[in-house]
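Here's the structure, in structure tokens; my notes come after.
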Amino acid sequence: MAVESAPTPVPIAELTKIATEACDTALGQADGYEHEKVGTWNSEIINGILKALITATTPSTPSTPPPFRFTVNSTIVQQGLIDKGAAADGSAANTGKRGMHSASGAYWDVNRDGMWTFKYPGADAKGLDVVVSVTWFALG
């Protein structure tokens, strides 16, 4: 028996666009992992996604309450330091690569609430892994 999932608050293509734009904006000037900036990057990603989701889902009539509450989690991991000399000649293609696994769970109404996870594809070029999770809870 297949488990049906709740509809997303905005289409998956729009969620992907929102998350990509938030990551692009936050990491636009980054060219590698900078420990002192990671907190700011995470905050910018989270706030950008939240703002866009709230805007996209808030009813146009002022007296109508928003239909969802959201949580957003952003994880930024530094990829391993790569010996560019060894990597250039192909002798150590995976030198310095690190693994990462992230998981989440929740107890909710499976017909109305849900979660979506996104791995930002633009992070690899910056030596980063960025994973964003968006959770929504239907109100009313």
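By order in the structure tokens, chains are A, B, ...; within a chain, residues start at 1; ligands start at 1, following the order shown.
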Contact residues around Trp41 (chain A) with only C-alpha atoms at 12 Å, ignoring same-chain residues under 3 positions, as an MDAnalysis selection string | chainID A and resid 22:30 33:38 44:48 74:77 128 130
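Proximity to Val72 (chain A) was assessed for A:Ala123, A:Ala56, A:Val10, A:Val132 counting only C-alpha atoms; the smallest distance is recorded for A:Val132.
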List every residue of region 7-129 of chain A that DSSP, applied to the backbone of this structure, assigns to alpha helix (DSSP H), and report them as JSON, numbers by chain.
-> {"A": [12, 13, 14, 15, 16, 17, 18, 19, 20, 21, 22, 23, 24, 25, 26, 27, 35, 36, 37, 38, 39, 40, 41, 42, 43, 44, 45, 46, 47, 48, 49, 50, 51, 52, 53, 54, 55, 56, 57, 84, 85, 86, 87, 88]}
With N, CA and C atoms kept, could you save the residues just selected as a compact mmCIF listing (two decimals), in the first residue's frame?
# COMPACT_ATOMS: atom_id res chain seq x y z
N ILE A 12 6.70 21.82 -5.88
CA ILE A 12 8.10 21.45 -5.67
C ILE A 12 9.04 22.31 -6.52
N ALA A 13 8.66 22.60 -7.74
CA ALA A 13 9.51 23.46 -8.59
C ALA A 13 9.71 24.83 -7.95
N GLU A 14 8.66 25.36 -7.33
CA GLU A 14 8.76 26.66 -6.66
C GLU A 14 9.60 26.55 -5.39
N LEU A 15 9.45 25.45 -4.63
CA LEU A 15 10.29 25.23 -3.44
C LEU A 15 11.77 25.17 -3.85
N THR A 16 12.05 24.47 -4.93
CA THR A 16 13.42 24.35 -5.42
C THR A 16 13.97 25.72 -5.82
N LYS A 17 13.15 26.51 -6.52
CA LYS A 17 13.56 27.86 -6.93
C LYS A 17 13.82 28.75 -5.71
N ILE A 18 12.93 28.69 -4.73
CA ILE A 18 13.08 29.49 -3.50
C ILE A 18 14.37 29.12 -2.78
N ALA A 19 14.62 27.83 -2.60
CA ALA A 19 15.81 27.38 -1.88
C ALA A 19 17.08 27.72 -2.65
N THR A 20 17.06 27.52 -3.96
CA THR A 20 18.24 27.83 -4.78
C THR A 20 18.56 29.31 -4.72
N GLU A 21 17.55 30.17 -4.85
CA GLU A 21 17.78 31.62 -4.79
C GLU A 21 18.31 32.05 -3.43
N ALA A 22 17.79 31.46 -2.35
CA ALA A 22 18.28 31.81 -1.01
C ALA A 22 19.73 31.39 -0.84
N CYS A 23 20.09 30.20 -1.32
CA CYS A 23 21.48 29.74 -1.23
C CYS A 23 22.39 30.57 -2.13
N ASP A 24 21.94 30.87 -3.36
CA ASP A 24 22.73 31.71 -4.26
C ASP A 24 23.03 33.06 -3.62
N THR A 25 22.02 33.67 -3.02
CA THR A 25 22.18 34.98 -2.40
C THR A 25 23.14 34.93 -1.22
N ALA A 26 22.95 33.94 -0.35
CA ALA A 26 23.78 33.85 0.85
C ALA A 26 25.23 33.49 0.54
N LEU A 27 25.44 32.63 -0.45
CA LEU A 27 26.78 32.12 -0.73
C LEU A 27 27.40 32.74 -1.98
N HIS A 35 34.68 29.61 8.57
CA HIS A 35 33.99 29.31 9.83
C HIS A 35 33.28 30.53 10.41
N GLU A 36 33.92 31.68 10.35
CA GLU A 36 33.33 32.88 10.96
C GLU A 36 32.12 33.41 10.19
N LYS A 37 31.89 32.92 8.97
CA LYS A 37 30.76 33.40 8.16
C LYS A 37 29.62 32.38 8.07
N VAL A 38 29.83 31.15 8.50
CA VAL A 38 28.83 30.10 8.32
C VAL A 38 27.53 30.43 9.04
N GLY A 39 27.59 30.98 10.22
CA GLY A 39 26.37 31.35 10.95
C GLY A 39 25.55 32.38 10.18
N THR A 40 26.23 33.35 9.60
CA THR A 40 25.55 34.37 8.79
C THR A 40 24.94 33.75 7.55
N TRP A 41 25.70 32.87 6.87
CA TRP A 41 25.18 32.21 5.67
C TRP A 41 23.92 31.40 6.00
N ASN A 42 23.97 30.61 7.08
CA ASN A 42 22.80 29.82 7.48
C ASN A 42 21.61 30.72 7.77
N SER A 43 21.83 31.81 8.50
CA SER A 43 20.74 32.73 8.82
C SER A 43 20.13 33.34 7.56
N GLU A 44 20.99 33.73 6.61
CA GLU A 44 20.49 34.32 5.36
C GLU A 44 19.69 33.30 4.55
N ILE A 45 20.15 32.06 4.50
CA ILE A 45 19.42 31.01 3.78
C ILE A 45 18.06 30.79 4.44
N ILE A 46 18.05 30.60 5.74
CA ILE A 46 16.81 30.32 6.47
C ILE A 46 15.84 31.48 6.33
N ASN A 47 16.30 32.70 6.58
CA ASN A 47 15.40 33.86 6.50
C ASN A 47 14.89 34.11 5.09
N GLY A 48 15.74 33.89 4.09
CA GLY A 48 15.30 34.05 2.70
C GLY A 48 14.21 33.06 2.33
N ILE A 49 14.37 31.82 2.74
CA ILE A 49 13.36 30.79 2.45
C ILE A 49 12.08 31.08 3.21
N LEU A 50 12.18 31.40 4.50
CA LEU A 50 10.98 31.70 5.28
C LEU A 50 10.20 32.87 4.69
N LYS A 51 10.90 33.95 4.36
CA LYS A 51 10.24 35.13 3.81
C LYS A 51 9.51 34.78 2.52
N ALA A 52 10.16 34.03 1.63
CA ALA A 52 9.54 33.67 0.35
C ALA A 52 8.34 32.74 0.55
N LEU A 53 8.45 31.80 1.48
CA LEU A 53 7.32 30.89 1.73
C LEU A 53 6.13 31.61 2.34
N ILE A 54 6.39 32.50 3.27
CA ILE A 54 5.31 33.27 3.89
C ILE A 54 4.62 34.13 2.85
N THR A 55 5.41 34.79 2.01
CA THR A 55 4.84 35.62 0.95
C THR A 55 4.01 34.78 -0.02
N ALA A 56 4.53 33.62 -0.39
CA ALA A 56 3.85 32.77 -1.38
C ALA A 56 2.56 32.14 -0.86
N THR A 57 2.44 31.99 0.46
CA THR A 57 1.29 31.27 1.01
C THR A 57 0.32 32.13 1.80
N LYS A 84 45.40 19.81 -4.19
CA LYS A 84 45.15 20.14 -5.60
C LYS A 84 46.21 19.53 -6.52
N GLY A 85 47.43 19.37 -6.06
CA GLY A 85 48.48 18.77 -6.87
C GLY A 85 48.18 17.30 -7.14
N ALA A 86 47.78 16.56 -6.11
CA ALA A 86 47.45 15.14 -6.29
C ALA A 86 46.17 14.98 -7.10
N ALA A 87 45.20 15.86 -6.86
CA ALA A 87 43.94 15.77 -7.58
C ALA A 87 44.12 16.11 -9.06
N ALA A 88 45.04 17.02 -9.37
CA ALA A 88 45.24 17.46 -10.75
C ALA A 88 45.75 16.34 -11.65
Gly114 (chain A) surroundings by only C-alpha atoms, 8 Å radius, close-in-sequence under 2 positions cut, as a PyMOL selection string = chain A and resi 5-8+108+110+112+116+135-137
Expected file contents, prior selection, C-alpha atoms, as a short mmCIF file (atom, residue, chain, number, x, y, z; two decimals), in the first residue's frame:
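Writing done, so here's result_8.cif:
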data_model
loop_
_atom_site.label_atom_id
_atom_site.label_comp_id
_atom_site.auth_asym_id
_atom_site.auth_seq_id
_atom_site.Cartn_x
_atom_site.Cartn_y
_atom_site.Cartn_z
CA SER A 5 1.94 12.49 1.19
CA ALA A 6 0.36 15.80 1.97
CA PRO A 7 0.32 18.43 -0.75
CA THR A 8 3.18 20.92 -0.54
CA TRP A 108 2.14 15.18 12.45
CA VAL A 110 0.21 13.09 7.26
CA ARG A 112 -1.84 18.17 5.84
CA TRP A 116 10.94 18.65 1.90
CA THR A 135 8.78 21.59 7.28
CA TRP A 136 5.21 22.87 7.15
CA PHE A 137 2.29 22.45 9.50
#
Which one is closest to Gln78 (chain A): A:Pro9, A:Gly105, A:Gly140, A:Gly127? Count only C-alpha atoms.
->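 Under the stated criterion, the closest residue is A:Gly127.
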With only C-alpha atoms as the basis for distance, which of A:Asp113, A:Asp129, A:Thr58, A:Pro67 is at the shortest distance from Gly80 (chain A)?
->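 Result for the nearest residue to Gly80 (chain A): A:Asp129.
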